[in-house]
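Source file: query11.txt; contents: compact mmCIF, C-alpha atoms and all ligand atoms.
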# COMPACT_ATOMS: atom_id res chain seq x y z
CA MET A 1 13.97 -2.09 -32.98
CA VAL A 2 13.55 -1.16 -29.32
CA ASN A 3 11.83 -3.73 -27.11
CA LEU A 4 9.11 -1.79 -25.29
CA SER A 5 7.27 -4.74 -23.74
CA VAL A 6 7.09 -4.92 -19.96
CA GLU A 7 5.72 -7.47 -17.53
CA LEU A 8 3.15 -6.40 -14.98
CA THR A 9 2.47 -9.52 -12.99
CA SER A 10 4.55 -11.69 -10.77
CA ASN A 11 2.31 -13.48 -8.27
CA SER A 12 -0.52 -14.47 -10.55
CA LYS A 13 -1.00 -17.65 -12.49
CA TYR A 14 -1.80 -15.43 -15.48
CA ASP A 15 0.86 -13.38 -17.25
CA LEU A 16 0.22 -9.75 -18.00
CA ILE A 17 2.73 -8.55 -20.54
CA LEU A 18 2.14 -5.13 -22.07
CA PRO A 19 3.37 -4.42 -25.61
CA ASN A 20 4.60 -1.06 -24.30
CA PRO A 21 4.54 0.67 -20.91
CA VAL A 22 1.85 3.27 -21.69
CA LEU A 23 -1.58 2.69 -20.18
CA VAL A 24 -4.48 5.10 -20.05
CA ALA A 25 -5.60 6.21 -16.58
CA SER A 26 -8.98 5.10 -15.33
CA GLY A 27 -11.73 7.67 -15.75
CA THR A 28 -9.79 9.92 -18.11
CA PHE A 29 -10.41 7.77 -21.18
CA SER A 30 -14.05 6.93 -20.49
CA ASN A 31 -14.41 3.31 -21.60
CA ALA A 32 -12.28 3.98 -24.70
CA LEU A 33 -15.20 4.03 -27.14
CA GLU A 34 -14.90 7.72 -28.08
CA MET A 35 -11.10 7.58 -28.21
CA SER A 36 -11.22 4.57 -30.53
CA LYS A 37 -12.68 6.93 -33.15
CA ILE A 38 -9.63 9.19 -33.13
CA ASN A 39 -6.71 6.76 -32.85
CA ASN A 40 -5.76 3.09 -32.81
CA ILE A 41 -6.51 1.60 -29.40
CA GLU A 42 -4.47 -1.49 -30.27
CA LEU A 43 -1.23 0.53 -30.24
CA LEU A 44 -1.60 1.31 -26.53
CA GLY A 45 0.11 -0.64 -23.78
CA GLY A 46 -3.33 -1.33 -22.40
CA ILE A 47 -6.68 0.20 -21.61
CA ILE A 48 -8.23 0.68 -18.18
CA SER A 49 -11.96 1.13 -17.72
CA LYS A 50 -13.76 3.92 -15.93
CA GLY A 51 -14.10 3.04 -12.26
CA THR A 52 -16.83 0.42 -12.18
CA THR A 53 -19.17 -0.15 -9.26
CA ILE A 54 -21.82 -2.74 -8.46
CA ASN A 55 -24.71 -0.35 -9.13
CA PRO A 56 -24.83 2.43 -11.74
CA ARG A 57 -23.94 5.83 -10.27
CA PHE A 58 -24.91 9.32 -11.38
CA GLY A 59 -21.88 10.85 -9.70
CA ASN A 60 -21.55 14.08 -7.74
CA ASN A 61 -23.31 17.38 -8.32
CA SER A 62 -21.71 19.65 -10.89
CA PRO A 63 -19.39 21.42 -11.35
CA ARG A 64 -17.34 18.23 -11.21
CA ILE A 65 -14.12 19.27 -12.88
CA ILE A 66 -12.13 22.50 -12.83
CA GLU A 67 -8.83 23.61 -14.25
CA THR A 68 -6.15 24.96 -11.92
CA SER A 69 -2.92 26.71 -12.89
CA SER A 70 -1.16 23.36 -13.33
CA GLY A 71 -3.70 20.61 -13.22
CA LEU A 72 -7.30 19.51 -12.82
CA ILE A 73 -9.43 19.02 -9.75
CA ASN A 74 -12.14 16.46 -10.39
CA SER A 75 -14.96 15.20 -8.27
CA ILE A 76 -16.83 13.03 -10.75
CA GLY A 77 -17.94 10.77 -7.94
CA PHE A 78 -17.85 7.59 -9.98
CA GLN A 79 -20.48 8.23 -12.56
CA ASN A 80 -20.60 4.88 -14.33
CA ILE A 81 -23.07 2.47 -15.86
CA GLY A 82 -22.55 -0.28 -13.27
CA VAL A 83 -20.86 -3.62 -13.66
CA ASN A 84 -23.67 -5.51 -15.37
CA ALA A 85 -24.10 -2.89 -18.09
CA PHE A 86 -20.33 -2.75 -18.51
CA ILE A 87 -20.23 -6.50 -19.14
CA LYS A 88 -23.26 -6.41 -21.44
CA ASP A 89 -22.58 -3.24 -23.46
CA ILE A 90 -18.88 -2.38 -23.27
CA LEU A 91 -17.13 -5.74 -23.18
CA PRO A 92 -18.38 -6.91 -26.59
CA ILE A 93 -16.70 -3.83 -28.08
CA TRP A 94 -13.51 -4.31 -26.07
CA ASN A 95 -13.44 -7.94 -27.23
CA LYS A 96 -12.90 -6.78 -30.81
CA TRP A 97 -9.64 -5.08 -29.85
CA ASN A 98 -6.33 -6.84 -29.43
CA VAL A 99 -5.04 -4.83 -26.47
CA PRO A 100 -4.46 -5.68 -22.80
CA SER A 101 -7.73 -4.87 -21.05
CA ILE A 102 -7.99 -3.92 -17.39
CA VAL A 103 -11.16 -3.19 -15.43
CA ASN A 104 -10.94 -0.65 -12.61
CA ILE A 105 -13.26 -1.59 -9.75
CA MET A 106 -14.40 0.21 -6.62
CA GLY A 107 -16.61 -1.11 -3.83
CA ASN A 108 -18.68 0.79 -1.31
CA ASN A 109 -17.64 -1.83 1.20
CA ILE A 110 -15.24 -4.77 1.48
CA GLN A 111 -17.80 -7.29 0.28
CA GLU A 112 -18.53 -5.34 -2.91
CA TYR A 113 -14.89 -5.53 -3.96
CA GLY A 114 -15.18 -9.33 -3.84
CA GLU A 115 -18.48 -9.27 -5.73
CA LEU A 116 -16.98 -7.12 -8.47
CA ALA A 117 -13.93 -9.38 -8.76
CA LEU A 118 -16.18 -12.42 -9.11
CA LYS A 119 -18.09 -10.81 -11.98
CA PHE A 120 -14.90 -10.76 -14.07
CA ASP A 121 -13.27 -13.97 -12.91
CA ASP A 122 -14.46 -16.13 -15.81
CA ILE A 123 -14.27 -13.41 -18.48
CA SER A 124 -11.14 -14.43 -20.33
CA SER A 125 -10.80 -11.18 -22.29
CA ILE A 126 -10.19 -9.20 -19.10
CA ASP A 127 -6.48 -9.39 -18.39
CA ALA A 128 -6.39 -7.81 -14.95
CA LEU A 129 -8.33 -5.88 -12.34
CA GLU A 130 -7.23 -2.51 -11.04
CA ILE A 131 -8.57 -2.21 -7.52
CA ASN A 132 -9.18 1.37 -6.51
CA ILE A 133 -8.69 1.74 -2.77
CA SER A 134 -7.89 5.42 -3.08
CA CYS A 135 -10.65 7.53 -4.60
CA PRO A 136 -10.81 10.90 -2.80
CA ASN A 137 -14.15 11.91 -4.36
CA VAL A 138 -16.71 9.65 -2.80
CA GLU A 139 -18.23 9.72 0.63
CA VAL A 140 -18.04 6.01 1.24
CA GLY A 141 -15.52 3.44 0.06
CA GLY A 142 -12.50 4.38 -1.95
CA MET A 143 -9.90 6.24 -0.04
CA GLU A 144 -10.59 4.93 3.44
CA PHE A 145 -9.49 1.43 2.38
CA GLY A 146 -6.20 2.76 1.10
CA GLN A 147 -5.35 4.66 4.27
CA ASP A 148 -5.03 1.76 6.63
CA PRO A 149 -3.02 -1.40 5.88
CA HIS A 150 -5.57 -3.52 7.79
CA GLU A 151 -8.43 -2.25 5.63
CA ALA A 152 -6.35 -2.71 2.48
CA ILE A 153 -5.67 -6.32 3.50
CA LYS A 154 -9.40 -6.92 3.99
CA VAL A 155 -10.03 -5.67 0.44
CA MET A 156 -7.28 -7.95 -0.89
CA LYS A 157 -8.73 -10.98 0.88
CA SER A 158 -12.22 -10.23 -0.43
CA VAL A 159 -10.91 -9.92 -4.00
CA LYS A 160 -8.42 -12.80 -3.97
CA LYS A 161 -10.90 -15.32 -2.66
CA ASN A 162 -13.07 -14.61 -5.72
CA THR A 163 -10.58 -14.36 -8.56
CA ASP A 164 -7.29 -15.60 -9.95
CA LYS A 165 -7.03 -12.57 -12.24
CA PRO A 166 -3.95 -10.41 -11.80
CA CYS A 167 -4.75 -7.67 -9.29
CA ILE A 168 -3.27 -4.20 -9.59
CA VAL A 169 -3.95 -2.16 -6.46
CA LYS A 170 -4.33 1.58 -6.94
CA LEU A 171 -2.94 3.31 -3.89
CA SER A 172 -3.58 6.66 -2.28
CA PRO A 173 -0.75 9.22 -2.30
CA ILE A 174 -1.90 10.62 1.06
CA VAL A 175 -0.90 8.01 3.60
CA SER A 176 1.26 8.25 6.66
CA ASN A 177 3.44 5.35 5.53
CA LEU A 178 3.29 4.38 1.86
CA GLN A 179 5.77 1.53 2.24
CA GLU A 180 3.58 -0.11 4.89
CA ILE A 181 0.60 -0.13 2.51
CA VAL A 182 2.77 -1.45 -0.34
CA LYS A 183 4.00 -4.32 1.84
CA ALA A 184 0.49 -5.08 3.09
CA VAL A 185 -1.05 -5.44 -0.35
CA GLN A 186 1.85 -7.31 -1.91
CA GLU A 187 1.90 -9.81 0.97
CA HIS A 188 -1.80 -10.40 0.32
CA GLY A 189 -1.66 -11.14 -3.35
CA ALA A 190 -1.33 -7.85 -5.24
CA ASP A 191 0.41 -8.49 -8.55
CA ALA A 192 1.22 -4.85 -9.15
CA ILE A 193 0.50 -1.43 -7.64
CA THR A 194 -0.54 1.85 -9.20
CA VAL A 195 1.15 4.82 -7.51
CA SER A 196 -1.11 6.68 -7.27
CA ASN A 197 -4.58 8.19 -7.39
CA THR A 198 -5.26 11.95 -7.21
CA TYR A 199 -4.45 14.26 -4.28
CA PRO A 200 -7.32 15.63 -2.16
CA ALA A 201 -7.85 19.27 -3.15
CA MET A 202 -10.37 22.08 -3.42
CA ALA A 203 -10.91 25.47 -5.04
CA ILE A 204 -12.95 28.48 -3.94
CA ASP A 205 -14.82 31.00 -6.06
CA ILE A 206 -13.66 34.26 -4.45
CA ASN A 207 -16.56 36.27 -5.84
CA LYS A 208 -19.21 33.95 -4.49
CA ARG A 209 -17.11 33.01 -1.44
CA LYS A 210 -18.07 29.41 -2.01
CA PRO A 211 -16.34 26.15 -2.93
CA ILE A 212 -16.44 25.70 -6.71
CA LEU A 213 -16.97 21.96 -6.95
CA GLY A 214 -20.47 20.65 -6.28
CA ALA A 215 -18.93 18.09 -3.92
CA LYS A 216 -16.65 20.80 -2.40
CA PHE A 217 -13.59 18.56 -2.50
CA GLY A 218 -11.96 16.73 -5.38
CA GLY A 219 -8.73 15.14 -6.50
CA LEU A 220 -5.83 17.04 -8.05
CA SER A 221 -4.07 15.56 -11.10
CA GLY A 222 -1.80 16.76 -13.88
CA PRO A 223 1.63 18.45 -14.00
CA ALA A 224 1.21 19.79 -10.45
CA VAL A 225 1.56 16.29 -9.00
CA LYS A 226 4.31 14.76 -11.14
CA SER A 227 7.21 15.36 -8.77
CA MET A 228 5.22 13.79 -5.94
CA THR A 229 4.48 10.79 -8.15
CA ILE A 230 8.19 10.39 -8.87
CA ARG A 231 8.99 10.47 -5.15
CA ASN A 232 6.20 8.06 -4.22
CA VAL A 233 7.23 5.61 -6.96
CA TYR A 234 10.83 5.83 -5.79
CA ILE A 235 9.86 5.22 -2.15
CA ALA A 236 7.50 2.38 -3.09
CA SER A 237 10.19 0.76 -5.22
CA LYS A 238 12.43 0.38 -2.17
CA VAL A 239 10.05 -2.22 -0.73
CA ALA A 240 8.05 -3.41 -3.73
CA THR A 241 8.76 -6.88 -5.06
CA ILE A 242 5.96 -6.42 -7.58
CA PRO A 243 5.78 -4.06 -10.57
CA ILE A 244 4.79 -0.42 -10.04
CA ILE A 245 2.67 1.62 -12.42
CA ALA A 246 3.20 5.38 -12.14
CA SER A 247 0.10 7.58 -12.29
CA GLY A 248 0.04 11.31 -11.72
CA GLY A 249 1.30 14.10 -13.90
CA ILE A 250 2.89 12.02 -16.65
CA MET A 251 2.53 14.48 -19.53
CA SER A 252 5.38 13.55 -21.87
CA ALA A 253 7.75 10.76 -22.87
CA GLU A 254 10.41 12.36 -20.67
CA ASP A 255 8.04 12.24 -17.67
CA ALA A 256 7.36 8.56 -18.41
CA ILE A 257 11.08 7.79 -18.58
CA GLU A 258 11.68 9.68 -15.32
CA ALA A 259 8.95 7.62 -13.60
CA MET A 260 10.43 4.42 -14.98
CA MET A 261 13.90 5.35 -13.75
CA ALA A 262 12.30 5.92 -10.32
CA GLY A 263 11.10 2.31 -10.41
CA ALA A 264 7.92 2.16 -12.48
CA SER A 265 7.45 -0.65 -14.99
CA ALA A 266 4.66 1.25 -16.72
CA VAL A 267 2.87 4.58 -16.62
CA GLN A 268 -0.69 5.82 -16.92
CA ILE A 269 -1.65 8.86 -18.94
CA GLY A 270 -4.64 10.82 -17.64
CA THR A 271 -4.82 14.61 -17.55
CA ALA A 272 -2.44 14.90 -20.53
CA THR A 273 -5.24 13.48 -22.68
CA TYR A 274 -7.40 16.52 -21.82
CA ILE A 275 -4.79 18.78 -23.42
CA ASP A 276 -4.08 16.50 -26.36
CA PRO A 277 -6.27 13.44 -26.95
CA ASP A 278 -3.36 11.86 -28.85
CA ALA A 279 -1.02 12.21 -25.85
CA PRO A 280 -0.80 8.48 -24.99
CA TRP A 281 0.20 7.60 -28.55
CA LYS A 282 2.66 10.50 -28.79
CA ILE A 283 4.24 9.39 -25.51
CA ILE A 284 4.74 5.84 -26.86
CA ASN A 285 6.48 7.27 -29.93
CA GLY A 286 8.50 9.64 -27.76
CA ILE A 287 9.72 6.77 -25.57
CA THR A 288 10.83 4.84 -28.66
CA GLU A 289 12.69 7.87 -29.99
CA TRP A 290 14.35 8.52 -26.63
CA CYS A 291 15.50 4.89 -26.45
CA GLU A 292 16.89 5.04 -30.00
CA THR A 293 18.74 8.28 -29.29
CA ASN A 294 20.18 6.81 -26.11
CA THR A 295 20.94 3.39 -27.65
CA ILE A 296 18.62 1.57 -25.29
CA ASN A 297 17.51 -1.68 -26.94
CA ASP A 298 15.19 -2.79 -24.17
CA ILE A 299 13.03 -0.43 -22.09
CA ASN A 300 13.40 -2.80 -19.12
CA GLU A 301 17.01 -1.57 -18.80
CA ILE A 302 15.80 1.77 -17.46
CA ILE A 303 13.30 0.51 -14.87
CA GLY A 304 14.61 1.54 -11.46
CA SER A 305 17.91 2.64 -12.95
CA ALA A 306 17.95 5.85 -10.86
CA VAL A 307 17.14 4.11 -7.57
CA ILE A 308 20.14 4.39 -5.28
C1 LIG B 1 -11.86 13.20 -14.62
C2 LIG B 1 -11.12 12.13 -13.88
C3 LIG B 1 -11.78 10.95 -13.54
C4 LIG B 1 -11.12 9.94 -12.85
N1 LIG B 1 -11.78 8.78 -12.55
C5 LIG B 1 -11.11 7.76 -11.92
C6 LIG B 1 -11.76 6.51 -11.67
O1 LIG B 1 -12.93 6.31 -12.01
N2 LIG B 1 -11.04 5.55 -11.03
C7 LIG B 1 -9.74 5.72 -10.66
O2 LIG B 1 -9.13 4.81 -10.09
N3 LIG B 1 -9.10 6.89 -10.91
C8 LIG B 1 -9.75 7.90 -11.54
N4 LIG B 1 -9.09 9.07 -11.83
C9 LIG B 1 -7.65 9.21 -11.48
C10 LIG B 1 -6.79 8.90 -12.71
O3 LIG B 1 -6.95 7.57 -13.14
C11 LIG B 1 -5.29 9.15 -12.42
O4 LIG B 1 -4.86 8.25 -11.42
C12 LIG B 1 -5.04 10.59 -11.96
O5 LIG B 1 -5.76 11.49 -12.77
C13 LIG B 1 -3.56 10.96 -11.97
O6 LIG B 1 -3.01 10.91 -13.26
P1 LIG B 1 -2.87 12.19 -14.24
O7 LIG B 1 -2.17 13.26 -13.48
O8 LIG B 1 -2.09 11.65 -15.40
O9 LIG B 1 -4.26 12.57 -14.62
C14 LIG B 1 -9.74 10.10 -12.50
C15 LIG B 1 -9.08 11.29 -12.85
C16 LIG B 1 -9.75 12.30 -13.54
C17 LIG B 1 -9.00 13.55 -13.91
Can you dump the structure from the file as structure tokens?
Amino acid sequence: MVNLSVELTSNSKYDLILPNPVLVASGTFSNALEMSKINNIELLGGIISKGTTINPRFGNNSPRIIETSSGLINSIGFQNIGVNAFIKDILPIWNKWNVPSIVNIMGNNIQEYGELALKFDDISSIDALEINISCPNVEVGGMEFGQDPHEAIKVMKSVKKNTDKPCIVKLSPIVSNLQEIVKAVQEHGADAITVSNTYPAMAIDINKRKPILGAKFGGLSGPAVKSMTIRNVYIASKVATIPIIASGGIMSAEDAIEAMMAGASAVQIGTATYIDPDAPWKIINGITEWCETNTINDINEIIGSAVI
């Protein structure tokens, strides 16, 4: 038997231990209700909610998602039911599942991050918060907080004063100095970081001579970004004293192992699920098989093993 369990928290008074390193990426798995009909949610390393905001949001104008030659550009713009409806309607369903449960939150301003954190502080079934400071698809909030270490610190302070839950901070890949942001959030209470969100992108309809997406710009994900994820994880791991979760272009068990060798303790599966809804489960099985073939008894042995 291969031990696949990994630890995701270090600073917090709560432990967050995943049964395996495969999480599902926020927004690509809805709130898991549909996917629970096709496979066993409890076999996953953990689930992460759709980005949740204080108020419900209708999102951006369509089209909101397009396929490129090697990925997706999305500009959903945070369509979600809002935090109160999430707690009322989704949580009771999540509570039936025995799986680590993470809520992804995004504020329009610093104060809203704190308000969202407070909403979940006394909900024992939520194991951690993923704090999105990096969404490229909204006009306010999101990415601007992840660009500047001072803004990121303000978000951390707002969240940490309202909750003891483990905080995973989801970073932007487009920053002038990733290591500076990593240090800033970890010094202010981040328990783990997700590296990273999507890459700002756009596509043009050459017949209409117009941007395709309703919001013009979106975020690129999928195979196109994997090699950048690997580099960013590697660079982050040089300064991170907290666990790293790799997100971006992880399509296979081999990609997951590569990201873990670059320093990730866990991975998120997003765009791969659009090609094969069973991808997260297949990747878990693939990691087990790879470990068996390579006589690895404990997945933790490979974390950061390629960092030189
Ligand atoms: C349709 C779509 C919706 C997304 N929604 C969110 C979201 O609500 N919050 C968030 O933090 N990231 C969101 N993301 C980013 C993903 O969680 C993930 O970080 C990104 O897609 C990179 O991983 P991938 O290449 O495996 O898809 C979304 C991505 C896609 C494709």
With the cut-off set at 7 Å and counting only C-alpha atoms and all ligand atoms, tabulate each residue of chain A with an atom at most that distance from an atom of ligand LIG 1 (chain B), showing the nearest atom pair and its distance in Å to one decimal, ordered by chain and increasing number, as CSV.
residue,atom,partner,partner_atom,distance
A:Ala25,CA,B:LIG1,O3,3.9
A:Ser26,CA,B:LIG1,O3,3.9
A:Gly27,CA,B:LIG1,N1,3.4
A:Thr28,CA,B:LIG1,C2,5.0
A:Lys50,CA,B:LIG1,O1,4.7
A:Gly51,CA,B:LIG1,O1,3.5
A:Ile65,CA,B:LIG1,C1,6.7
A:Leu72,CA,B:LIG1,C17,6.3
A:Ile73,CA,B:LIG1,C17,6.9
A:Asn74,CA,B:LIG1,C1,5.3
A:Ile76,CA,B:LIG1,C3,6.1
A:Phe78,CA,B:LIG1,O1,5.5
A:Asn104,CA,B:LIG1,O2,6.3
A:Asn132,CA,B:LIG1,O2,5.0
A:Cys135,CA,B:LIG1,O2,6.3
A:Lys170,CA,B:LIG1,O2,6.6
A:Ser196,CA,B:LIG1,O4,5.8
A:Asn197,CA,B:LIG1,O4,4.0
A:Thr198,CA,B:LIG1,C12,4.9
A:Ser221,CA,B:LIG1,O7,3.8
A:Gly222,CA,B:LIG1,O7,3.5
A:Pro223,CA,B:LIG1,O7,6.5
A:Val225,CA,B:LIG1,O7,6.6
A:Ser247,CA,B:LIG1,O6,4.7
A:Gly248,CA,B:LIG1,O7,3.4
A:Gly249,CA,B:LIG1,O7,3.6
A:Ile250,CA,B:LIG1,O8,5.1
A:Met251,CA,B:LIG1,O8,6.8
A:Gln268,CA,B:LIG1,O8,6.2
A:Ile269,CA,B:LIG1,O8,4.5
A:Gly270,CA,B:LIG1,O8,3.5
A:Thr271,CA,B:LIG1,O9,3.6
A:Ala272,CA,B:LIG1,O8,6.1
Hey, can you spit out that residue selection with C-alpha atoms as a PDB file, keeping the file's coordinate frame?
ATOM      1  CA  ALA A  25      -5.600   6.210 -16.580  1.00  0.00           C
ATOM      2  CA  SER A  26      -8.980   5.100 -15.330  1.00  0.00           C
ATOM      3  CA  GLY A  27     -11.730   7.670 -15.750  1.00  0.00           C
ATOM      4  CA  THR A  28      -9.790   9.920 -18.110  1.00  0.00           C
ATOM      5  CA  LYS A  50     -13.760   3.920 -15.930  1.00  0.00           C
ATOM      6  CA  GLY A  51     -14.100   3.040 -12.260  1.00  0.00           C
ATOM      7  CA  ILE A  65     -14.120  19.270 -12.880  1.00  0.00           C
ATOM      8  CA  LEU A  72      -7.300  19.510 -12.820  1.00  0.00           C
ATOM      9  CA  ILE A  73      -9.430  19.020  -9.750  1.00  0.00           C
ATOM     10  CA  ASN A  74     -12.140  16.460 -10.390  1.00  0.00           C
ATOM     11  CA  ILE A  76     -16.830  13.030 -10.750  1.00  0.00           C
ATOM     12  CA  PHE A  78     -17.850   7.590  -9.980  1.00  0.00           C
ATOM     13  CA  ASN A 104     -10.940  -0.650 -12.610  1.00  0.00           C
ATOM     14  CA  ASN A 132      -9.180   1.370  -6.510  1.00  0.00           C
ATOM     15  CA  CYS A 135     -10.650   7.530  -4.600  1.00  0.00           C
ATOM     16  CA  LYS A 170      -4.330   1.580  -6.940  1.00  0.00           C
ATOM     17  CA  SER A 196      -1.110   6.680  -7.270  1.00  0.00           C
ATOM     18  CA  ASN A 197      -4.580   8.190  -7.390  1.00  0.00           C
ATOM     19  CA  THR A 198      -5.260  11.950  -7.210  1.00  0.00           C
ATOM     20  CA  SER A 221      -4.070  15.560 -11.100  1.00  0.00           C
ATOM     21  CA  GLY A 222      -1.800  16.760 -13.880  1.00  0.00           C
ATOM     22  CA  PRO A 223       1.630  18.450 -14.000  1.00  0.00           C
ATOM     23  CA  VAL A 225       1.560  16.290  -9.000  1.00  0.00           C
ATOM     24  CA  SER A 247       0.100   7.580 -12.290  1.00  0.00           C
ATOM     25  CA  GLY A 248       0.040  11.310 -11.720  1.00  0.00           C
ATOM     26  CA  GLY A 249       1.300  14.100 -13.900  1.00  0.00           C
ATOM     27  CA  ILE A 250       2.890  12.020 -16.650  1.00  0.00           C
ATOM     28  CA  MET A 251       2.530  14.480 -19.530  1.00  0.00           C
ATOM     29  CA  GLN A 268      -0.690   5.820 -16.920  1.00  0.00           C
ATOM     30  CA  ILE A 269      -1.650   8.860 -18.940  1.00  0.00           C
ATOM     31  CA  GLY A 270      -4.640  10.820 -17.640  1.00  0.00           C
ATOM     32  CA  THR A 271      -4.820  14.610 -17.550  1.00  0.00           C
ATOM     33  CA  ALA A 272      -2.440  14.900 -20.530  1.00  0.00           C
TER      34      ALA A 272
END
Quiz item: Looking at only C-alpha atoms, which of A:Leu116, A:Ala306, A:Leu91, A:Met35 is the one that sits closest to Thr53 of chain A?
Solution: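 Once distances to Thr53 of chain A are computed over only C-alpha atoms, the minimum belongs to A:Leu116.
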Quiz item: Interatomic distance between atom CA of Pro243 of chain A and atom CA of Thr9 of chain A?
Solution: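 Result for atom CA of Pro243 of chain A versus atom CA of Thr9 of chain A: 6.8 Å, one decimal.
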Exercise. For Trp97 of chain A, please output as a ChimeraX atom specification all residues within 8 Å (counting only C-alpha atoms; exclusion window: fewer than 2 positions along the same chain).
Key: /A:41-42,93-95,99
Next, write the just-selected residues to a file, as a JSON list (two decimals), keeping the file's coordinate frame, keeping C-alpha atoms as the atom set.
[["chain", "number", "residue", "atom", "x", "y", "z"],
["A", 41, "ILE", "CA", -6.51, 1.60, -29.40],
["A", 42, "GLU", "CA", -4.47, -1.49, -30.27],
["A", 93, "ILE", "CA", -16.70, -3.83, -28.08],
["A", 94, "TRP", "CA", -13.51, -4.31, -26.07],
["A", 95, "ASN", "CA", -13.44, -7.94, -27.23],
["A", 99, "VAL", "CA", -5.04, -4.83, -26.47]]
Exercise. Measure the distance from atom CA of Thr163 of chain A to atom CA of Gly45 of chain A in Å and round it to one decimal.
Key: 23.1 Å
Self-check item: Protein/DNA/RNA residues near (0.5, -12.8, -9.4), cut 12 Å, all atoms listed in the file, as a ChimeraX atom specification
Solution: /A:7-16,127-129,160,163-169,185-193,241-243
Quiz prompt | Distance of atom CA of Ser252 of chain A from atom CA of Asn232 of chain A, expressed in Å to one decimal place | solution = 18.5 Å
